[in-house]
Each structure stands twice: as C-alpha cells, then as structure tokens.
Amino acid sequence: MVRKWAFRLVAAIVTLALLTVIGVVAQRRLNLPASKVELAAGSATATWQQAPERPNILLLTVDDMNWNSAGILGADVRGVTPHIDALAGQGMLFRRAFVTSPICQPSRSVWMTGMYPPRNGATGFNRINEDVPTLADTLRANGYRVGIVNKVTHTPPYMPDRWDYFVAERDNGVGRIPEKMGEQAEAFFRDAARRGTPFFLNLNINDPHRPFAGTSNPLALLDRAAGLDYPTGPTDAYKQGDASIPGFLPQAPSISREMAEYFTSVHRADQSVGAVLAALERSGAAPYTLVILVSDNGMAFPFGKSTLYENGTRTLMVVRWPDRVSAGGVDDSHMVSGIDIAPTILDAAGVPSPVVLDGRSLLPLLAGQADAGPDHVFTYLAQVNTGLVPFLDLDFTSRAVRSRDGWLYIWSPWADGKKAFVAEAMLGRTYPAMQELAEKDPAMAARVDLFRHRVPEELFNVDRDPDGLTNLADNKAHAERLASLRQVLLRHLEETNDPALDRYRDFLAGKTKGGAS
C-alpha cells in the first residue's frame with residue numbers, strides 16, 4: 001500500500017512538472033508574436049542624402065548590463081566593449097545615470113511614458129494604464145515612422161499594430177545575433193529614407209540577459225523547447241579568471257566562471273551595438289540621428305538586478321547627436337534617470353507631450369548648459385519575475401532614494417523575517433555557490449539571509465561603500481541623514497499618489513516594522 005501511494009505521489013509530481021514546463025514553453029512562444037516587416041519598394045538601396053525636418057532617433061538598449069561593465073566605465077576585462085567605448089567618445093557619457101525600476105518591463109515602461117510607475121500603472125510585470133500615451137504613439141502621430149526590434153511585449157504600446165515596423169526575437173536568435181540585428185536595423189533606416197520620413201527605432205539587444213553565453217541555464221532549455229535557439233558565440237569568449245568578481249559577491253571558482261560567461265555576453269552585446277551603428281552609417285542616417293544607449297537595469301546576480309541596491313538601479317547611459325552634442329563629454333555630477341528619456345526625445349523632436357511628464361529634458365545638459373538638476377532619483381520595485389516560471393510574479397514592494405551627495409535609502413515593507421525573496425538571479429551558478437559557502441562561513445550565511453529576507457530599512461554611504469556591505473540605518477551617527485531621506489521619500493510618495501503611501505506613513509508612525517500587509 002505504501003509503495004502504491006508513493007508511486008502515485010511521484011507520478012503526480014512528474015505530471016505537475018511536465019505541465020509547468022509545457023505551460024512555460026507555450027507562454028514563451030505566445031509572448032513572441034510574428035514580425036511585421038513592410039518595406040517600401042526600392043528601399044533596399046535607399047540612403048539618407050539630407051537631414052529630415054526632425055531628427056531621427058535611435059533608442060538602443062542592452063539588457064541586464066551593469067553600469068560599470070563597459071570599458072569606458074572601468075571594466076577590467078580586456079577588449080570587452082570597444083563599440084560602446086567609441087560611442088561614448090563621440091557623444092556624452094553620463095556617469096550618474098539610474099533606471100527607475102531594476103527589472104525589465106517597469107523600467108521600459110518608464111522610458112516609453114516619462115511617468116513614474118504609480119502614474120503609468122506598470123508597477124511590475126503588468127501593462128501601463130490604457131489612458132497613458134506612449135512615446136511611440138506620440139511620435140507616430142507627429143509624422144515619425146516608428147519601429148521596434150525585440151521586447152515588444154515588455155515595451156509600451158506592446159501591440160505590433162501600434163508600430164510601423166516590428167521584429168520579434170524569434171527572428172534574430174532571441175536578440176543575440178549581432179549580424180541579424182544590424183541587417184534588421186538597416187532595412188528600417190533605408191525604408192525611412194525611401195519614404196522621406198524621420199524615424200524612431202527602439203532596438204533592444206537581449207544580451208547580457210541570462211542565460212549567458214555558454215551556460216546551461218534552465219531558461220535556455222525552455223526556450224530551445226519553444227523553438228527559440230540561443231546562439232553559442234561569440235567565439236572569442238572569456239574564460240574563468242578573465243573578469244574580476246565585483247565586491248558585492250564572494251570569491252569562488254564557480255562565480256568566477258559565471259562572471260566570464262556574463263562578460264562574454266556583454267561582449268556580444270557590444271558587437272550588436274557595433275553592428276547597428278555600422279548599419280546607421282551605411283544608410284547615411286548617422287549624421288542626422290540622435291542615439292541614446294542605455295541598459296534597463298543592473299547585472300542579474302544577487303544584490304544586482306531586481307533589487308534597489310546601487311548595482312540594481314545604476315545604469316550605463318550614452319548620448320550621441322552629431323553637431324549638437326560635443327564629442328568626448330563626460331557628466332559625472334548631474335543625477336539623470338530613465339524618467340528623463342521620453343522628455344529628452346520629445347524635446348529633440350520638437351514634439352509636445354500630450355500630458356505632463358515626470359522627467360525632464362536632458363538637452364540643456366547635452367548642450368553644456370548649467371543645470372542645477374534634481375538632488376535625488378527615486379527607484380521602485382513591486383512584482384519580481386522568477387524567470388523559471390514567468391507567470392509567477394511575487395510582490396516585493398520596495399522604494400528607494402538615491403541622493404546626489406552619495407547616499408542610498410531603501411524601504412522594504414515586505415521584509416518581515418519570514419517572506420523569502422525569489423528572483424531570476426538565483427538560477428545561475430552564483431547563488432548556489434553563495435549557499436555552499438554559507439554552510440561553513442557565518443558571515444556568508446548572514447549575507448545569504450539578507451538577500452533572501454532583507455530588513456525594512458537600509459542606509460548606505462555609496463561613495464564610501466559602493467557595494468552596499470554596511471547598513472547604517474541603525475547607526476545613531478547617521479540618524480539625521482536617515483530622517484532627512486525618510487522625509488524626501490514621503491514627499492515623493494505623496495506627489496505620485498503611490499499605492500504604498502499609507503504603508504509608509506504607518507511605518508514612520510511606528511505602527512508597522514515591515515512585512516506584507
């Protein structure tokens with residue numbers, strides 16, 4: 001009898017696992033609609049001969065790339081990002097740039113609306129409110145030909161029919177084949193030249209998102225089952241020991257190996273950037289095109305992506321605009337954010353926004369003008385996608401303030417000591433290595449416990465502690481700083497009518513100490 005019930009239990013578990021895999025595969029296939037490529041006759045050889053009435057715009061994004069993974073920003077990996085470094089030398093590099101959310105969909109929703117998550121409605125892996133206008137819709141209504149390559153289901157306005165040109169991940173190796181993306185971008189550039197219309201292209205490179213090049217991540221296995229084959233390259237891959245392990249992670253051979261895989265994917269992302277920019281040159285559009293390069297969040301490792309720590313929300317941002325932005329510029333003092341991208345693009349295009357935006361145009365900074373700018377940027381987290389089961393979103397509502405003078409304050413009301421954090425970053429080699437180290441190292445055990453459970457409040461002096469290793473929230477010497485940043489966050493939640501406002505008021509009043517409510 002015991003054997004019979006044991007067999008039934010095992011069969012039930014296997015059946016559930018198979019159904020889960022089938023469901024995941026089906027969803028990943030459904031999330032990639034067919035490409036929409038409608039090109040004007042004769043566009044294959046068309047080139048840009050003169051400037052359009054309004055500038056062309058290329059919003060070029062990389063996925064899960066840490067702010068300092070580029071050579072120009074200090075990466076110690078040989079030859080990792082030559083094309084990104086060259087682009088920075090041709091325009092302006094912002095060294096203090098941040099995203100508004102450390103995960104893909106809400107971060108991109110901010111880019112495409114110019115509104116904070118409570119105002120646009122996309123607080124997690126959900127769509128913006130229907131009445132919120134998008135950057136693509138506004139530009140299209142004002143004479144732009146608008147296109148998107150990859151990430152259409154994560155990028156407002158989501159639907160392929162709201163774009164004039166759309167290429168799905170299934171047609172370029174899940175956004176990881178540089179040559180393909182160069183060809184697809186060039187077709188769009190030449191088509192707009194043939195039609196005589198300015199263009200807006202949002203081209204989204206999926207590297208260095210997990211699964212990294214050469215890994216056996218479950219995501220890759222599921223996508224291969226869905227008929228979505230990841231490329232194995234580039235051939236000039238990095239090896240264990242070629243890349244330093246960042247200070248917020250421990251030293252371990254398997255982590256060193258995964259870091260090499262990550263930087264191999266960073267290098268492939270750079271090759272894609274190079275392929276797209278070369279296509280822009282060949283089409284003749286480069287002199288007339290504003291290029292913005294940005295990453296949607298930090299690297300997908302513990303204490304990076306999906307967290308509000310510095311390495312989750314700080315980002316790479318480069319802007320090139322020939323004859324309008326001086327080459328080789330570096331801004332290392334102003335705080336800029338993903339909330340500023342839509343206002344900047346609309347300002348450059350000379351197109352008024354149909355609604356009030358939360359961000360500001362960066363054109364004055366790009367022109368070298370004095371600008372006091374904001375003293376703080378604000379970052380948000382709500383639902384986190386686990387990666388392995390995309391339809392299972394968990395609520396880890398958190399808010400943070402990053403100040404110009406180098407302080408980071410994080411409020412995590414879900415942290416009650418019991419609820420455990422789950423995120424895609426745990427799927428690779430690094431988190432299991434941390435768990436293994438924790439079995440013998442009490443300090444690492446505490447670090448792993450912090451990653452899984454957090455605490456309601458954290459305060460870091462990022463200038464002195466960029467890896468966020470020392471929480472100063474309970475340090476009486478910094479009580480005044482803590483109180484000040486609490487009030488900054490409170491005012492912001494009030495101004496944006498944040499759904500977490502009442503919880504924060506209760507927290508400040510001492511009615512709660514954290515934990516889900």
# chains A, B, ... in the order shown; residues from 1 in each chain; ligands from 1
>>> residues_around(residues="A:Asp137", least_positions_apart="6", cutoff="9 Å", atoms="only C-alpha atoms", output="PyMOL selection string")
chain A and resi 146+157+162-163
>>> select_by_dssp(residues="stretch 271-466 of chain A", states="alpha helix (DSSP H)", output="number ranges by chain")
A: 271-282, 310-313, 341-349, 363-366, 430-438, 442-453
>>> closest_residue(among="A:Pro413, A:Pro117, A:Pro499, A:Gly143", to="A:Arg454", atoms="only C-alpha atoms")
A:Pro413
>>> residues_around(residues="A:Ile103", least_positions_apart="5", cutoff="7 Å", atoms="only C-alpha atoms", output="PyMOL selection string")
chain A and resi 296-297+305-306
>>> closest_residue(among="A:Val77, A:Asp270, A:Gln90, A:Val294", to="A:Tyr238", atoms="only C-alpha atoms")
A:Val77
>>> residues_around(residues="A:His83", least_positions_apart="3", cutoff="12 Å", atoms="only C-alpha atoms", output="PDB file with C-alpha atoms, in the first residue's frame")
ATOM      1  CA  ALA A  70      31.783  48.817 -20.088  1.00  0.00           C
ATOM      2  CA  GLY A  71      35.473  49.540 -20.530  1.00  0.00           C
ATOM      3  CA  ILE A  72      34.815  53.285 -20.553  1.00  0.00           C
ATOM      4  CA  GLY A  79      38.538  44.480 -25.076  1.00  0.00           C
ATOM      5  CA  VAL A  80      35.055  43.941 -23.709  1.00  0.00           C
ATOM      6  CA  ALA A  86      33.796  54.503 -29.138  1.00  0.00           C
ATOM      7  CA  LEU A  87      30.187  55.710 -28.995  1.00  0.00           C
ATOM      8  CA  ALA A  88      30.862  57.372 -25.639  1.00  0.00           C
ATOM      9  CA  GLY A  89      33.854  59.125 -27.191  1.00  0.00           C
ATOM     10  CA  GLN A  90      31.597  60.532 -29.905  1.00  0.00           C
ATOM     11  CA  VAL A 266      28.464  41.746 -22.542  1.00  0.00           C
ATOM     12  CA  HIS A 267      30.976  41.481 -25.362  1.00  0.00           C
ATOM     13  CA  ARG A 268      28.325  40.033 -27.676  1.00  0.00           C
ATOM     14  CA  ALA A 269      26.000  42.901 -26.707  1.00  0.00           C
ATOM     15  CA  ASP A 270      28.777  45.294 -27.715  1.00  0.00           C
ATOM     16  CA  GLN A 271      29.106  43.505 -31.056  1.00  0.00           C
ATOM     17  CA  SER A 272      25.389  44.073 -31.590  1.00  0.00           C
ATOM     18  CA  VAL A 273      25.794  47.766 -30.758  1.00  0.00           C
ATOM     19  CA  GLY A 274      28.581  47.934 -33.312  1.00  0.00           C
ATOM     20  CA  ALA A 275      26.510  46.160 -35.967  1.00  0.00           C
ATOM     21  CA  VAL A 276      23.577  48.549 -35.527  1.00  0.00           C
ATOM     22  CA  LEU A 277      25.750  51.667 -35.559  1.00  0.00           C
ATOM     23  CA  ALA A 278      27.543  50.413 -38.680  1.00  0.00           C
ATOM     24  CA  LEU A 293      22.251  53.930 -25.399  1.00  0.00           C
ATOM     25  CA  VAL A 318      25.446  57.456 -23.536  1.00  0.00           C
TER      26      VAL A 318
END
>>> residues_around(residues="A:Leu39", least_positions_apart="2", cutoff="8 Å", atoms="only C-alpha atoms", output="VMD selection string")
chain A and resid 37 41 43 187 to 188 191
>>> closest_residue(among="A:Leu472, A:Gly214, A:Ala370, A:Pro198", to="A:Arg140", atoms="only C-alpha atoms")
A:Pro198
>>> select_by_dssp(residues="stretch 255-481 of chain A", states="strand (DSSP E)", output="PDB file with N, CA and C atoms, in the first residue's frame")
ATOM      1  N   THR A 289      20.978  61.628 -36.780  1.00  0.00           N
ATOM      2  CA  THR A 289      20.308  60.751 -35.815  1.00  0.00           C
ATOM      3  C   THR A 289      20.806  60.969 -34.391  1.00  0.00           C
ATOM      4  N   LEU A 290      19.862  61.184 -33.488  1.00  0.00           N
ATOM      5  CA  LEU A 290      20.129  61.208 -32.052  1.00  0.00           C
ATOM      6  C   LEU A 290      20.150  59.762 -31.564  1.00  0.00           C
ATOM      7  N   VAL A 291      21.261  59.348 -30.970  1.00  0.00           N
ATOM      8  CA  VAL A 291      21.403  57.981 -30.460  1.00  0.00           C
ATOM      9  C   VAL A 291      21.476  58.023 -28.937  1.00  0.00           C
ATOM     10  N   ILE A 292      20.628  57.237 -28.296  1.00  0.00           N
ATOM     11  CA  ILE A 292      20.677  57.075 -26.838  1.00  0.00           C
ATOM     12  C   ILE A 292      20.903  55.601 -26.547  1.00  0.00           C
ATOM     13  N   LEU A 293      21.949  55.302 -25.802  1.00  0.00           N
ATOM     14  CA  LEU A 293      22.251  53.930 -25.399  1.00  0.00           C
ATOM     15  C   LEU A 293      22.070  53.823 -23.890  1.00  0.00           C
ATOM     16  N   VAL A 294      21.305  52.821 -23.450  1.00  0.00           N
ATOM     17  CA  VAL A 294      21.023  52.674 -22.035  1.00  0.00           C
ATOM     18  C   VAL A 294      20.768  51.206 -21.723  1.00  0.00           C
ATOM     19  N   SER A 295      20.999  50.809 -20.464  1.00  0.00           N
ATOM     20  CA  SER A 295      20.644  49.465 -20.002  1.00  0.00           C
ATOM     21  C   SER A 295      19.410  49.564 -19.120  1.00  0.00           C
ATOM     22  N   ARG A 314      21.693  51.515 -10.930  1.00  0.00           N
ATOM     23  CA  ARG A 314      22.588  52.411 -11.683  1.00  0.00           C
ATOM     24  C   ARG A 314      22.787  51.846 -13.077  1.00  0.00           C
ATOM     25  N   THR A 315      22.904  52.717 -14.070  1.00  0.00           N
ATOM     26  CA  THR A 315      22.905  52.230 -15.441  1.00  0.00           C
ATOM     27  C   THR A 315      23.918  52.947 -16.320  1.00  0.00           C
ATOM     28  N   LEU A 316      24.230  52.305 -17.413  1.00  0.00           N
ATOM     29  CA  LEU A 316      25.002  52.900 -18.496  1.00  0.00           C
ATOM     30  C   LEU A 316      24.094  53.846 -19.279  1.00  0.00           C
ATOM     31  N   MET A 317      24.537  55.069 -19.568  1.00  0.00           N
ATOM     32  CA  MET A 317      23.790  55.963 -20.449  1.00  0.00           C
ATOM     33  C   MET A 317      24.752  56.810 -21.271  1.00  0.00           C
ATOM     34  N   VAL A 318      24.623  56.698 -22.594  1.00  0.00           N
ATOM     35  CA  VAL A 318      25.446  57.456 -23.536  1.00  0.00           C
ATOM     36  C   VAL A 318      24.519  58.120 -24.542  1.00  0.00           C
ATOM     37  N   VAL A 319      24.808  59.370 -24.890  1.00  0.00           N
ATOM     38  CA  VAL A 319      24.010  60.096 -25.884  1.00  0.00           C
ATOM     39  C   VAL A 319      24.942  60.669 -26.947  1.00  0.00           C
ATOM     40  N   ARG A 320      24.634  60.383 -28.221  1.00  0.00           N
ATOM     41  CA  ARG A 320      25.377  60.964 -29.349  1.00  0.00           C
ATOM     42  C   ARG A 320      24.412  61.688 -30.268  1.00  0.00           C
ATOM     43  N   GLY A 329      32.304  64.164 -24.199  1.00  0.00           N
ATOM     44  CA  GLY A 329      31.801  64.773 -22.974  1.00  0.00           C
ATOM     45  C   GLY A 329      31.531  63.741 -21.897  1.00  0.00           C
ATOM     46  N   VAL A 330      31.806  64.109 -20.661  1.00  0.00           N
ATOM     47  CA  VAL A 330      31.526  63.241 -19.505  1.00  0.00           C
ATOM     48  C   VAL A 330      30.834  64.082 -18.442  1.00  0.00           C
ATOM     49  N   ASP A 331      29.643  63.654 -18.045  1.00  0.00           N
ATOM     50  CA  ASP A 331      28.920  64.326 -16.966  1.00  0.00           C
ATOM     51  C   ASP A 331      28.971  63.416 -15.742  1.00  0.00           C
ATOM     52  N   VAL A 336      20.791  61.776 -13.463  1.00  0.00           N
ATOM     53  CA  VAL A 336      19.845  61.584 -14.556  1.00  0.00           C
ATOM     54  C   VAL A 336      19.216  60.210 -14.405  1.00  0.00           C
ATOM     55  N   SER A 337      18.059  60.034 -15.027  1.00  0.00           N
ATOM     56  CA  SER A 337      17.293  58.819 -14.781  1.00  0.00           C
ATOM     57  C   SER A 337      16.520  58.415 -16.030  1.00  0.00           C
ATOM     58  N   HIS A 376      17.905  64.185  -6.032  1.00  0.00           N
ATOM     59  CA  HIS A 376      17.581  62.789  -5.740  1.00  0.00           C
ATOM     60  C   HIS A 376      16.987  62.116  -6.966  1.00  0.00           C
ATOM     61  N   VAL A 377      17.192  60.816  -7.070  1.00  0.00           N
ATOM     62  CA  VAL A 377      16.426  59.987  -8.002  1.00  0.00           C
ATOM     63  C   VAL A 377      15.699  58.939  -7.162  1.00  0.00           C
ATOM     64  N   PHE A 378      14.571  58.483  -7.696  1.00  0.00           N
ATOM     65  CA  PHE A 378      13.711  57.552  -6.969  1.00  0.00           C
ATOM     66  C   PHE A 378      13.584  56.254  -7.751  1.00  0.00           C
ATOM     67  N   THR A 379      13.625  55.146  -7.027  1.00  0.00           N
ATOM     68  CA  THR A 379      13.530  53.846  -7.687  1.00  0.00           C
ATOM     69  C   THR A 379      12.469  52.992  -7.006  1.00  0.00           C
ATOM     70  N   TYR A 380      11.877  52.098  -7.809  1.00  0.00           N
ATOM     71  CA  TYR A 380      10.704  51.340  -7.400  1.00  0.00           C
ATOM     72  C   TYR A 380      10.897  49.856  -7.677  1.00  0.00           C
ATOM     73  N   LEU A 381      10.300  49.044  -6.816  1.00  0.00           N
ATOM     74  CA  LEU A 381      10.206  47.614  -7.059  1.00  0.00           C
ATOM     75  C   LEU A 381       8.854  47.137  -6.565  1.00  0.00           C
ATOM     76  N   ALA A 382       8.220  46.258  -7.328  1.00  0.00           N
ATOM     77  CA  ALA A 382       6.950  45.662  -6.898  1.00  0.00           C
ATOM     78  C   ALA A 382       7.013  44.168  -7.185  1.00  0.00           C
ATOM     79  N   GLN A 383       6.375  43.735  -8.267  1.00  0.00           N
ATOM     80  CA  GLN A 383       6.422  42.315  -8.607  1.00  0.00           C
ATOM     81  C   GLN A 383       7.764  41.964  -9.242  1.00  0.00           C
ATOM     82  N   VAL A 384       8.260  40.796  -8.897  1.00  0.00           N
ATOM     83  CA  VAL A 384       9.516  40.295  -9.449  1.00  0.00           C
ATOM     84  C   VAL A 384       9.224  39.006 -10.195  1.00  0.00           C
ATOM     85  N   ASN A 385       9.706  38.902 -11.423  1.00  0.00           N
ATOM     86  CA  ASN A 385       9.535  37.682 -12.197  1.00  0.00           C
ATOM     87  C   ASN A 385      10.633  36.697 -11.818  1.00  0.00           C
ATOM     88  N   ASP A 393       4.491  35.919 -10.528  1.00  0.00           N
ATOM     89  CA  ASP A 393       5.059  37.181 -10.070  1.00  0.00           C
ATOM     90  C   ASP A 393       4.803  37.337  -8.571  1.00  0.00           C
ATOM     91  N   LEU A 394       5.816  37.667  -7.843  1.00  0.00           N
ATOM     92  CA  LEU A 394       5.705  37.819  -6.404  1.00  0.00           C
ATOM     93  C   LEU A 394       5.882  39.280  -6.024  1.00  0.00           C
ATOM     94  N   ASP A 395       5.162  39.707  -5.013  1.00  0.00           N
ATOM     95  CA  ASP A 395       5.172  41.108  -4.598  1.00  0.00           C
ATOM     96  C   ASP A 395       6.263  41.353  -3.558  1.00  0.00           C
ATOM     97  N   PHE A 396       7.241  42.148  -3.940  1.00  0.00           N
ATOM     98  CA  PHE A 396       8.303  42.563  -3.028  1.00  0.00           C
ATOM     99  C   PHE A 396       8.404  44.085  -3.065  1.00  0.00           C
ATOM    100  N   THR A 397       7.275  44.738  -2.826  1.00  0.00           N
ATOM    101  CA  THR A 397       7.202  46.190  -2.900  1.00  0.00           C
ATOM    102  C   THR A 397       8.310  46.847  -2.067  1.00  0.00           C
ATOM    103  N   SER A 398       9.085  47.704  -2.726  1.00  0.00           N
ATOM    104  CA  SER A 398      10.169  48.444  -2.085  1.00  0.00           C
ATOM    105  C   SER A 398      10.302  49.791  -2.785  1.00  0.00           C
ATOM    106  N   ARG A 399      10.842  50.759  -2.070  1.00  0.00           N
ATOM    107  CA  ARG A 399      11.095  52.078  -2.640  1.00  0.00           C
ATOM    108  C   ARG A 399      12.471  52.539  -2.174  1.00  0.00           C
ATOM    109  N   ALA A 400      13.107  53.401  -2.979  1.00  0.00           N
ATOM    110  CA  ALA A 400      14.440  53.872  -2.607  1.00  0.00           C
ATOM    111  C   ALA A 400      14.664  55.296  -3.083  1.00  0.00           C
ATOM    112  N   VAL A 401      15.560  55.969  -2.383  1.00  0.00           N
ATOM    113  CA  VAL A 401      16.011  57.320  -2.739  1.00  0.00           C
ATOM    114  C   VAL A 401      17.526  57.281  -2.854  1.00  0.00           C
ATOM    115  N   ARG A 402      18.043  57.773  -3.948  1.00  0.00           N
ATOM    116  CA  ARG A 402      19.500  57.903  -4.132  1.00  0.00           C
ATOM    117  C   ARG A 402      19.813  59.387  -4.241  1.00  0.00           C
ATOM    118  N   SER A 403      20.670  59.894  -3.368  1.00  0.00           N
ATOM    119  CA  SER A 403      20.943  61.332  -3.332  1.00  0.00           C
ATOM    120  C   SER A 403      22.188  61.680  -4.138  1.00  0.00           C
ATOM    121  N   TRP A 407      24.226  59.094  -1.000  1.00  0.00           N
ATOM    122  CA  TRP A 407      23.543  58.258  -0.021  1.00  0.00           C
ATOM    123  C   TRP A 407      22.391  57.510  -0.674  1.00  0.00           C
ATOM    124  N   LEU A 408      22.156  56.299  -0.191  1.00  0.00           N
ATOM    125  CA  LEU A 408      21.084  55.449  -0.700  1.00  0.00           C
ATOM    126  C   LEU A 408      20.237  54.964   0.475  1.00  0.00           C
ATOM    127  N   TYR A 409      18.936  55.240   0.387  1.00  0.00           N
ATOM    128  CA  TYR A 409      17.986  54.803   1.414  1.00  0.00           C
ATOM    129  C   TYR A 409      16.978  53.858   0.775  1.00  0.00           C
ATOM    130  N   ILE A 410      16.775  52.689   1.370  1.00  0.00           N
ATOM    131  CA  ILE A 410      15.854  51.684   0.832  1.00  0.00           C
ATOM    132  C   ILE A 410      14.836  51.309   1.903  1.00  0.00           C
ATOM    133  N   TRP A 411      13.581  51.297   1.510  1.00  0.00           N
ATOM    134  CA  TRP A 411      12.493  50.864   2.392  1.00  0.00           C
ATOM    135  C   TRP A 411      11.853  49.623   1.782  1.00  0.00           C
ATOM    136  N   GLU A 457      14.523  48.686   6.612  1.00  0.00           N
ATOM    137  CA  GLU A 457      15.222  49.910   6.202  1.00  0.00           C
ATOM    138  C   GLU A 457      16.709  49.648   6.025  1.00  0.00           C
ATOM    139  N   GLU A 458      17.267  50.279   4.990  1.00  0.00           N
ATOM    140  CA  GLU A 458      18.711  50.220   4.770  1.00  0.00           C
ATOM    141  C   GLU A 458      19.204  51.602   4.366  1.00  0.00           C
ATOM    142  N   LEU A 459      20.390  51.928   4.831  1.00  0.00           N
ATOM    143  CA  LEU A 459      21.008  53.220   4.531  1.00  0.00           C
ATOM    144  C   LEU A 459      22.488  52.980   4.231  1.00  0.00           C
ATOM    145  N   PHE A 460      22.928  53.455   3.065  1.00  0.00           N
ATOM    146  CA  PHE A 460      24.312  53.233   2.648  1.00  0.00           C
ATOM    147  C   PHE A 460      24.961  54.545   2.217  1.00  0.00           C
ATOM    148  N   ASN A 461      26.210  54.702   2.574  1.00  0.00           N
ATOM    149  CA  ASN A 461      27.030  55.771   2.034  1.00  0.00           C
ATOM    150  C   ASN A 461      27.704  55.192   0.790  1.00  0.00           C
TER     151      ASN A 461
END
>>> closest_residue(among="A:Leu60, A:Leu73, A:Leu437, A:Val488", to="A:Arg108", atoms="only C-alpha atoms")
A:Leu60
>>> closest_residue(among="A:Ala237, A:Pro118, A:Ser107, A:Pro246", to="A:Asn311", atoms="only C-alpha atoms")
A:Pro246
>>> atom_distance(atom1="atom CA of A:Leu490", atom2="atom CA of A:Tyr504")
7.4 Å
>>> closest_residue(among="A:Asp449, A:Thr307, A:Ala260, A:Gly91", to="A:Ala327", atoms="only C-alpha atoms")
A:Gly91
>>> residues_around(residues="stretch 352-366 of chain A", least_positions_apart="5", cutoff="6 Å", atoms="only C-alpha atoms", output="PDB file with N, CA and C atoms, in the first residue's frame")
ATOM      1  N   GLY A 114       7.578  58.410 -19.721  1.00  0.00           N
ATOM      2  CA  GLY A 114       8.040  59.584 -18.995  1.00  0.00           C
ATOM      3  C   GLY A 114       7.325  59.775 -17.675  1.00  0.00           C
ATOM      4  N   MET A 115       6.691  58.710 -17.177  1.00  0.00           N
ATOM      5  CA  MET A 115       5.943  58.776 -15.926  1.00  0.00           C
ATOM      6  C   MET A 115       6.451  57.725 -14.947  1.00  0.00           C
ATOM      7  N   VAL A 325      25.811  67.647 -29.817  1.00  0.00           N
ATOM      8  CA  VAL A 325      26.438  67.220 -28.563  1.00  0.00           C
ATOM      9  C   VAL A 325      27.936  67.058 -28.813  1.00  0.00           C
ATOM     10  N   ILE A 339      13.524  58.203 -16.246  1.00  0.00           N
ATOM     11  CA  ILE A 339      12.335  59.056 -16.329  1.00  0.00           C
ATOM     12  C   ILE A 339      12.569  60.239 -17.262  1.00  0.00           C
ATOM     13  N   ASP A 340      13.848  60.521 -17.574  1.00  0.00           N
ATOM     14  CA  ASP A 340      14.192  61.670 -18.418  1.00  0.00           C
ATOM     15  C   ASP A 340      14.269  61.334 -19.901  1.00  0.00           C
ATOM     16  N   PRO A 343      11.034  62.706 -22.118  1.00  0.00           N
ATOM     17  CA  PRO A 343      11.062  64.163 -22.289  1.00  0.00           C
ATOM     18  C   PRO A 343      12.209  64.635 -23.177  1.00  0.00           C
ATOM     19  N   THR A 344      13.357  63.974 -23.081  1.00  0.00           N
ATOM     20  CA  THR A 344      14.509  64.354 -23.909  1.00  0.00           C
ATOM     21  C   THR A 344      14.228  64.093 -25.380  1.00  0.00           C
TER      22      THR A 344
END
